[in-house]
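Read the structure below first, then the notes.
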Amino acid sequence: MSLDVTPNQRPAPTRNMEQIVSLCKRRGYMFQNSEIYGGCNGFWDYGPLGVELKRNIKDAWWHDMVTSHNDMEVLPGAPAIYSMTGIDSTIIMHPQVWKCSGHYDLFHDFMVDCRESKKRYRHDQIVGRWVQAKGKRIFATTQTSEQELEQLERQAMKFFKLRAKNKEQMEWDGDVIALVDLDAEHHESVLAPDAKTLDTLTEPREFNLMFKTTIGALGGENDAAFLRPETAQGIFVNFKNVIDSTRFRLPLGIAQTGKSFRNEITPRNFTFRSREFEQMEIEFFCHPDASGDWYRFWRDRRMQWYQDLGLSADRLILREHAASELAHYSIGTADIEYAFPFLPTGEYGELEGVSHRGDFDLRSHMEGKLTKELELELGEDGKPKHRGSGKDLSYRDDLTNEKFVPHVIEPSAGADRAALAFLCEAYCEDQAPDEKGKMQTRTVMRLHPRLAPIKAAIFPLVKKDGMPEVAKKIYLDLKKHFNVFYDDKGAVGRRYRRQDEAGTPYCITVDGQSLDDQTVTIRDRDSLKQSRVSIDECVAAIQEGLASQ
Ligand code: GAP
């Protein structure tokens with residue numbers, strides 16, 4: 001038997017960030033971290049629905065990229081067969097790892113502080129526009145955001161002490177430009193984003209984004225360690241271990257998921273830029289001659305993965321970096337970007353970067369930190385600035401006997417950004433009949449069934465006449481196969497609505513007829529169609545329904 005489902009019936013999502021954030025909190029997708037103490041900026045917790053969603057994303061990624069990968073046949077678009085495996089390395093690693101990877105010297109942003117408001121900003125995120133009133137010309141600024149023009153106006157009105165009805169007295173001059181592009185001689189005219197007086201911003205200062213900690217109780221500066229800012233380095237330093245302990249040959253992808261930490265200066269846009277987040281990274285090791293083809297393969301394969309799980313191609317772009325943006329050893333870098341609703345129309349936010357990294361990382365861990373020109377970077381004393389491990393991390397092909405340092409293609413995704421994109425894409429308000437058949441607006445999370453936190457909910461129509469007993473039995477049977485939910489509280493229409501908000505693809509209702517003929521109704525979240533199914537076939541019907549999309 002099969003369910004009466006209508007896949008791909010997807011009205012456009014309702015792209016209102018405030019409503020999405022409110023639903024996430026109300027229904028337990030995400031909470032502000034340490035909320036009872038006022039929150040901790042840049043840190044987010046996942047609630048009961050959110051933890052399942054993120055786990056499903058990571059499981060789908062691991063399943064699709066690693067465990068179910070077919071290493072016996074050439075995949076469409078791939079230059080050859082390849083293998084995939086995984087590791088799980090630690091968050092704190094030998095400090096030398098970050099010196100050789102370049103993070104110790106180079107992983108920083110420029111920040112400016114406001115002497116008046118005591119606020120701190122990322123220098124590259126301040127924009128402004130010249131404005132003149134009452135005989136004075138200033139450069140009003142704000143942080144980049146969708147409302148930047150309104151904020152600039154409010155800032156300038158406050159400075160000139162103008163009421164809204166007199167705002168025409170302000171004459172705007174030129175376009176909005178980045179503060180970094182403003183000539184230094186104009187800095188005394190700058191009105192900082194939250195200041196009331198001019199020229200309150202400090203000079204930009206470098207700020208390393210790695211969180212520092214200390215190993216051991218007596219640790220001094222020499223015992224300083226860092227929370228990893230990416231999972232990738234754990235894979236590079238284990239490359240030789242993986243090759244030596246397995247029978248894998250190249251091309252080989254090594255995958256890892258896990259937490260990464262970056263002390264972002266301005267965390268924002270809900271979970272988009274957090275200080276603690278999870279990555280899903282693959283380092284794909286291959287022969288240098290084939291690396292260009294592998295780069296193109298991975299770029300396209302990863303782009304397709306997001307679409308297969310429900311992100312619309314209309315809201316996704318693959319942005320190839322211009323040649324001028326690339327490190328010279330790199331043949332290409334492409335960002336997979338999504339049109340998040342908090343961004344201005346036409347702008348996209350990065351979900352994943354796919355980079356061709358050449359042999360930069362393996363060689364750095366062998367020889368020491370390399371310059372952009374791939375030469376050993378020397379300190380003032382003429383010795384290597386940061387010494388490498390001295391270990392041979394090259395690869396010998398046992399068939400051709402060729403020895404080489406592999407090139408690496410790196411598809412590097414963020415699990416939290418993926419979760420946020422899937423939530424934004426899923427949030428939808430449409431019209432559905434209530435229990436009296438009257439059309440009402442409903443909020444529904446049209447999550448792909450593989451990602452939905454709860455796969456099916458089971459309801460007895462009423463809490464009597466033996467219906468709860470039948471429903472509980474179905475619930476326990478289904479629980480062996482999927483994450484399911486039992487609900488017997490309130491009107492059945494309201495129970496449906498709660499599951500719609502949770503993104504549950506199927507609701508199973510035990511009613512009077514169930515007691516006579518051992519059947520139940522299964523309601524499809526998206527099409528709202530109801531099918532009558534024998535109780536014995538419930539598991540198979542849900543399995544089939546989940547697999548059909
Ligand atoms: N190993 C390469 C690397 O880490 P990245 O572009 O800095 O590259 C990869 O990060 C992915 O990690 C990004 O595309 C994004 O999805 C996620 N990510 C990076 N910084 C993040 C942050 N502050 N908050 C949430 N996700 C972040």
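Residues are referred to by chain and number: the chain letter is A, B, ... according to the order shown in the structure tokens, the number counts from 1 in that chain, and ligands are numbered separately from 1 in the order shown.
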What are the nearest atom pairs, with distances in Å to one decimal, for all residues of stretch 338-421 of chain A that come at most 10 Å from stretch 13-35 of chain A, using only C-alpha atoms, set out by chain and rising residue number as a Markdown table?
| residue | atom | partner | partner_atom | distance |
| --- | --- | --- | --- | --- |
| A:Phe340 | CA | A:Arg15 | CA | 8.4 |
| A:Pro341 | CA | A:Arg15 | CA | 5.5 |
| A:Phe342 | CA | A:Met17 | CA | 6.0 |
| A:Leu343 | CA | A:Met17 | CA | 9.7 |
| A:Ala419 | CA | A:Tyr29 | CA | 9.9 |
| A:Leu420 | CA | A:Ile20 | CA | 9.6 |
task = Considering only C-alpha atoms, return as a ChimeraX atom specification whatever protein or nucleic-acid residues lie within 10 Å of stretch 187-195 of chain A, sequence-local ones (same chain, fewer than 5 positions apart) excluded.
result = /A:113-119,121,126-130,136-143,151-152,155-156,158-159,179,182,200-201,203
May I have the residues from that selection written out with C-alpha atoms, as a short mmCIF file (atom, residue, chain, number, x, y, z; two decimals), in the first residue's frame?
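Now in selection_38.cif:
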data_model
loop_
_atom_site.label_atom_id
_atom_site.label_comp_id
_atom_site.auth_asym_id
_atom_site.auth_seq_id
_atom_site.Cartn_x
_atom_site.Cartn_y
_atom_site.Cartn_z
CA ASP A 113 36.73 50.33 19.18
CA CYS A 114 34.51 53.32 19.84
CA ARG A 115 35.95 55.44 22.65
CA GLU A 116 32.51 56.91 23.38
CA SER A 117 30.10 53.95 23.24
CA LYS A 118 32.77 51.36 24.21
CA LYS A 119 31.46 49.15 21.40
CA TYR A 121 33.19 46.59 15.41
CA ILE A 126 31.22 49.48 8.87
CA VAL A 127 29.65 51.42 6.02
CA GLY A 128 28.74 55.08 5.79
CA ARG A 129 27.57 57.99 3.69
CA TRP A 130 28.32 61.71 3.62
CA LYS A 136 28.18 70.81 8.89
CA ARG A 137 29.20 67.82 6.75
CA ILE A 138 29.77 64.43 8.44
CA PHE A 139 30.32 60.81 7.42
CA ALA A 140 27.50 58.91 9.25
CA THR A 141 28.19 55.20 9.68
CA THR A 142 26.46 51.99 10.64
CA GLN A 143 27.17 48.26 10.53
CA GLN A 151 20.04 53.39 10.49
CA LEU A 152 22.29 55.92 8.79
CA GLN A 155 22.19 58.24 13.35
CA ALA A 156 22.53 61.45 11.40
CA LYS A 158 20.37 62.24 16.28
CA PHE A 159 23.69 63.98 15.57
CA LEU A 179 34.67 52.83 6.01
CA LEU A 182 37.31 56.35 3.20
CA THR A 200 35.58 58.37 18.34
CA LEU A 201 36.88 55.27 16.54
CA GLU A 203 42.79 52.90 14.58
#
message = For the helix (DSSP H, G or I) assignment from backbone DSSP, which residues of stretch 231-299 of chain A qualify? Please present them as JSON, numbers by chain.
response = {"A": [232, 233, 234, 235, 236, 237, 238, 239, 240, 241, 242, 243, 244, 245, 288, 289, 290, 291, 292, 293, 294, 295, 296, 297, 298, 299]}
inquiry  = Could you list, as a VMD selection string, every residue within 12 Å of A:Asp398, counting only C-alpha atoms and ignoring same-chain residues fewer than 6 positions away?
reply    = chain A and resid 243 247 to 250 404
What does the file look like for those residues with all heavy atoms, as an mmCIF file, in the first residue's frame?
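Now in part.cif:
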data_model
loop_
_atom_site.group_PDB
_atom_site.id
_atom_site.type_symbol
_atom_site.label_atom_id
_atom_site.label_comp_id
_atom_site.auth_asym_id
_atom_site.auth_seq_id
_atom_site.Cartn_x
_atom_site.Cartn_y
_atom_site.Cartn_z
ATOM 1 N N ILE A 243 46.683 6.526 6.065
ATOM 2 C CA ILE A 243 47.234 5.735 4.947
ATOM 3 C C ILE A 243 47.950 4.495 5.493
ATOM 4 O O ILE A 243 47.753 3.377 5.011
ATOM 5 C CB ILE A 243 48.215 6.597 4.100
ATOM 6 C CG1 ILE A 243 47.435 7.684 3.361
ATOM 7 C CG2 ILE A 243 49.037 5.752 3.137
ATOM 8 C CD1 ILE A 243 46.539 7.207 2.244
ATOM 9 N N ARG A 247 44.124 0.123 4.094
ATOM 10 C CA ARG A 247 44.599 -0.305 2.773
ATOM 11 C C ARG A 247 44.131 0.680 1.696
ATOM 12 O O ARG A 247 44.102 0.354 0.527
ATOM 13 C CB ARG A 247 44.087 -1.715 2.482
ATOM 14 C CG ARG A 247 44.560 -2.706 3.542
ATOM 15 C CD ARG A 247 43.925 -4.046 3.335
ATOM 16 N NE ARG A 247 44.416 -4.703 2.148
ATOM 17 C CZ ARG A 247 45.397 -5.581 2.116
ATOM 18 N NH1 ARG A 247 45.978 -5.932 3.224
ATOM 19 N NH2 ARG A 247 45.784 -6.135 0.999
ATOM 20 N N PHE A 248 43.739 1.889 2.148
ATOM 21 C CA PHE A 248 43.245 2.862 1.171
ATOM 22 C C PHE A 248 44.368 3.343 0.253
ATOM 23 O O PHE A 248 45.491 3.568 0.695
ATOM 24 C CB PHE A 248 42.646 4.084 1.865
ATOM 25 C CG PHE A 248 41.318 3.804 2.503
ATOM 26 C CD1 PHE A 248 41.145 3.963 3.868
ATOM 27 C CD2 PHE A 248 40.234 3.389 1.725
ATOM 28 C CE1 PHE A 248 39.914 3.708 4.453
ATOM 29 C CE2 PHE A 248 39.006 3.137 2.307
ATOM 30 C CZ PHE A 248 38.850 3.294 3.676
ATOM 31 N N ARG A 249 44.003 3.530 -0.994
ATOM 32 C CA ARG A 249 44.910 4.144 -1.972
ATOM 33 C C ARG A 249 44.299 5.486 -2.357
ATOM 34 O O ARG A 249 43.121 5.719 -2.152
ATOM 35 C CB ARG A 249 45.029 3.257 -3.221
ATOM 36 C CG ARG A 249 45.510 1.837 -2.903
ATOM 37 C CD ARG A 249 45.709 1.014 -4.172
ATOM 38 N NE ARG A 249 46.769 1.575 -4.983
ATOM 39 C CZ ARG A 249 46.601 2.114 -6.183
ATOM 40 N NH1 ARG A 249 45.412 2.134 -6.729
ATOM 41 N NH2 ARG A 249 47.609 2.606 -6.856
ATOM 42 N N LEU A 250 45.099 6.359 -2.929
ATOM 43 C CA LEU A 250 44.559 7.625 -3.419
ATOM 44 C C LEU A 250 43.864 7.392 -4.754
ATOM 45 O O LEU A 250 44.275 6.473 -5.460
ATOM 46 C CB LEU A 250 45.695 8.641 -3.598
ATOM 47 C CG LEU A 250 45.899 9.628 -2.446
ATOM 48 C CD1 LEU A 250 45.945 8.981 -1.099
ATOM 49 C CD2 LEU A 250 47.135 10.480 -2.701
ATOM 50 N N PHE A 404 54.798 11.236 -4.333
ATOM 51 C CA PHE A 404 54.438 12.652 -4.510
ATOM 52 C C PHE A 404 53.724 13.168 -3.264
ATOM 53 O O PHE A 404 53.207 12.383 -2.460
ATOM 54 C CB PHE A 404 53.556 12.832 -5.763
ATOM 55 C CG PHE A 404 52.278 12.031 -5.750
ATOM 56 C CD1 PHE A 404 51.098 12.575 -5.231
ATOM 57 C CD2 PHE A 404 52.242 10.715 -6.252
ATOM 58 C CE1 PHE A 404 49.917 11.838 -5.224
ATOM 59 C CE2 PHE A 404 51.062 9.974 -6.240
ATOM 60 C CZ PHE A 404 49.900 10.533 -5.728
#
inquiry  = How would you report the residues lying within 9 Å of ligand 1, as a ChimeraX atom specification, if you count only C-alpha atoms and all ligand atoms?
reply    = /A:42,229-233,260-264,267-268,271-283,335-337,349-355,410-418
task = Can you check which residues of stretch 167-273 of chain A DSSP gives as strand (DSSP E or B) on the backbone and send them as a ChimeraX atom specification?
result = /A:171-178,190-191,198,201,205-208,212-214,224-227,252-261,268,273
task = Using only C-alpha atoms, determine which residues lie at most 8 Å from A:Ala456, disregarding the query and same-chain residues fewer than 2 positions distant; provide the list as number ranges by chain.
result = A: 454, 458, 482-485, 504-508, 542
Limited to C-alpha atoms, could you put the picked residues into a file as a PDB file, in the first residue's frame?
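Written file, selection-v5.pdb:
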ATOM      1  CA  ILE A 454      10.050  13.812  14.087  1.00  0.00           C
ATOM      2  CA  ILE A 458       0.476   9.261  16.556  1.00  0.00           C
ATOM      3  CA  PHE A 482      11.946   6.267  13.549  1.00  0.00           C
ATOM      4  CA  ASN A 483      11.807   9.191  15.926  1.00  0.00           C
ATOM      5  CA  VAL A 484       8.052   9.423  16.591  1.00  0.00           C
ATOM      6  CA  PHE A 485       5.821  11.410  18.951  1.00  0.00           C
ATOM      7  CA  THR A 504       6.585  16.255  11.012  1.00  0.00           C
ATOM      8  CA  PRO A 505       5.838  14.703   7.590  1.00  0.00           C
ATOM      9  CA  TYR A 506       3.112  12.273   8.772  1.00  0.00           C
ATOM     10  CA  CYS A 507       0.364  12.223  11.422  1.00  0.00           C
ATOM     11  CA  ILE A 508      -1.357   8.916  12.194  1.00  0.00           C
ATOM     12  CA  ILE A 542       5.825   5.604   6.580  1.00  0.00           C
TER      13      ILE A 542
END
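With distances restricted to only C-alpha atoms, A:Leu318 is the closest residue to A:Arg302 from A:His356, A:Val97, A:Leu318, A:Leu478.
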Who sits within 10 Å of A:Met157, only C-alpha atoms, same chain under 4 positions skipped, as a compact mmCIF listing (two decimals) with C-alpha atoms, in the first residue's frame:
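Result written to out-v4.txt:
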# COMPACT_ATOMS: atom_id res chain seq x y z
CA ALA A 133 22.91 69.78 7.64
CA ALA A 140 27.50 58.91 9.25
CA GLN A 151 20.04 53.39 10.49
CA LEU A 152 22.29 55.92 8.79
CA GLU A 153 19.36 58.31 8.68
CA LYS A 161 19.27 66.99 16.65
CA LEU A 162 16.61 66.95 13.95
CA ARG A 163 13.05 65.63 14.30
CA ALA A 164 11.63 63.28 11.70
CA ASN A 166 12.70 68.12 9.56
CA LYS A 167 14.81 65.34 8.10
CA GLN A 169 17.15 69.47 5.99
CA MET A 170 19.77 66.76 5.60
key: Closest of A:Ser145, A:Pro468, A:Ile87, A:Ser534 to A:Val66 - atom-to-atom distances counting only C-alpha atoms   =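 Among the listed residues, A:Ile87 lies closest to A:Val66.
Reported to one decimal place, the separation of atom CA of A:Leu311 from atom CA of A:Glu425 is 6.4 Å.
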Would you mind listing what lies within 9 Å of A:Ala432 as an mmCIF file with N, CA, C and O atoms, in the first residue's frame, with only C-alpha atoms counted and same-chain residues fewer than 3 positions away left out?
data_model
loop_
_atom_site.group_PDB
_atom_site.id
_atom_site.type_symbol
_atom_site.label_atom_id
_atom_site.label_comp_id
_atom_site.auth_asym_id
_atom_site.auth_seq_id
_atom_site.Cartn_x
_atom_site.Cartn_y
_atom_site.Cartn_z
ATOM 1 N N GLY A 437 -13.434 22.624 8.905
ATOM 2 C CA GLY A 437 -13.366 22.759 7.442
ATOM 3 C C GLY A 437 -13.166 24.192 6.995
ATOM 4 O O GLY A 437 -13.146 24.481 5.800
ATOM 5 N N LYS A 438 -12.965 25.119 7.961
ATOM 6 C CA LYS A 438 -12.774 26.520 7.594
ATOM 7 C C LYS A 438 -11.294 26.770 7.275
ATOM 8 O O LYS A 438 -10.421 26.305 8.010
ATOM 9 N N MET A 439 -11.023 27.500 6.182
ATOM 10 C CA MET A 439 -9.618 27.730 5.813
ATOM 11 C C MET A 439 -8.972 28.700 6.809
ATOM 12 O O MET A 439 -9.540 29.744 7.124
ATOM 13 N N GLN A 440 -7.830 28.327 7.288
ATOM 14 C CA GLN A 440 -7.092 29.147 8.253
ATOM 15 C C GLN A 440 -5.631 29.190 7.833
ATOM 16 O O GLN A 440 -5.141 28.268 7.187
ATOM 17 N N THR A 441 -4.942 30.242 8.266
ATOM 18 C CA THR A 441 -3.498 30.291 7.993
ATOM 19 C C THR A 441 -2.798 29.315 8.935
ATOM 20 O O THR A 441 -3.105 29.276 10.117
ATOM 21 N N ARG A 442 -1.916 28.505 8.383
ATOM 22 C CA ARG A 442 -1.128 27.625 9.266
ATOM 23 C C ARG A 442 0.349 27.879 9.005
ATOM 24 O O ARG A 442 0.746 28.253 7.896
ATOM 25 N N LEU A 528 -1.699 17.575 2.639
ATOM 26 C CA LEU A 528 -2.841 17.481 3.564
ATOM 27 C C LEU A 528 -3.771 16.322 3.227
ATOM 28 O O LEU A 528 -4.866 16.213 3.769
#
message = Considering only C-alpha atoms, can you say which of A:Thr85, A:Asn222, A:Thr509, A:Thr214 comes closest to A:Thr246?
response =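 Result for the nearest residue to A:Thr246: A:Thr85.
Separating atom CA of A:Asp244 from atom CA of A:Tyr395 is a distance of 10.0 Å.
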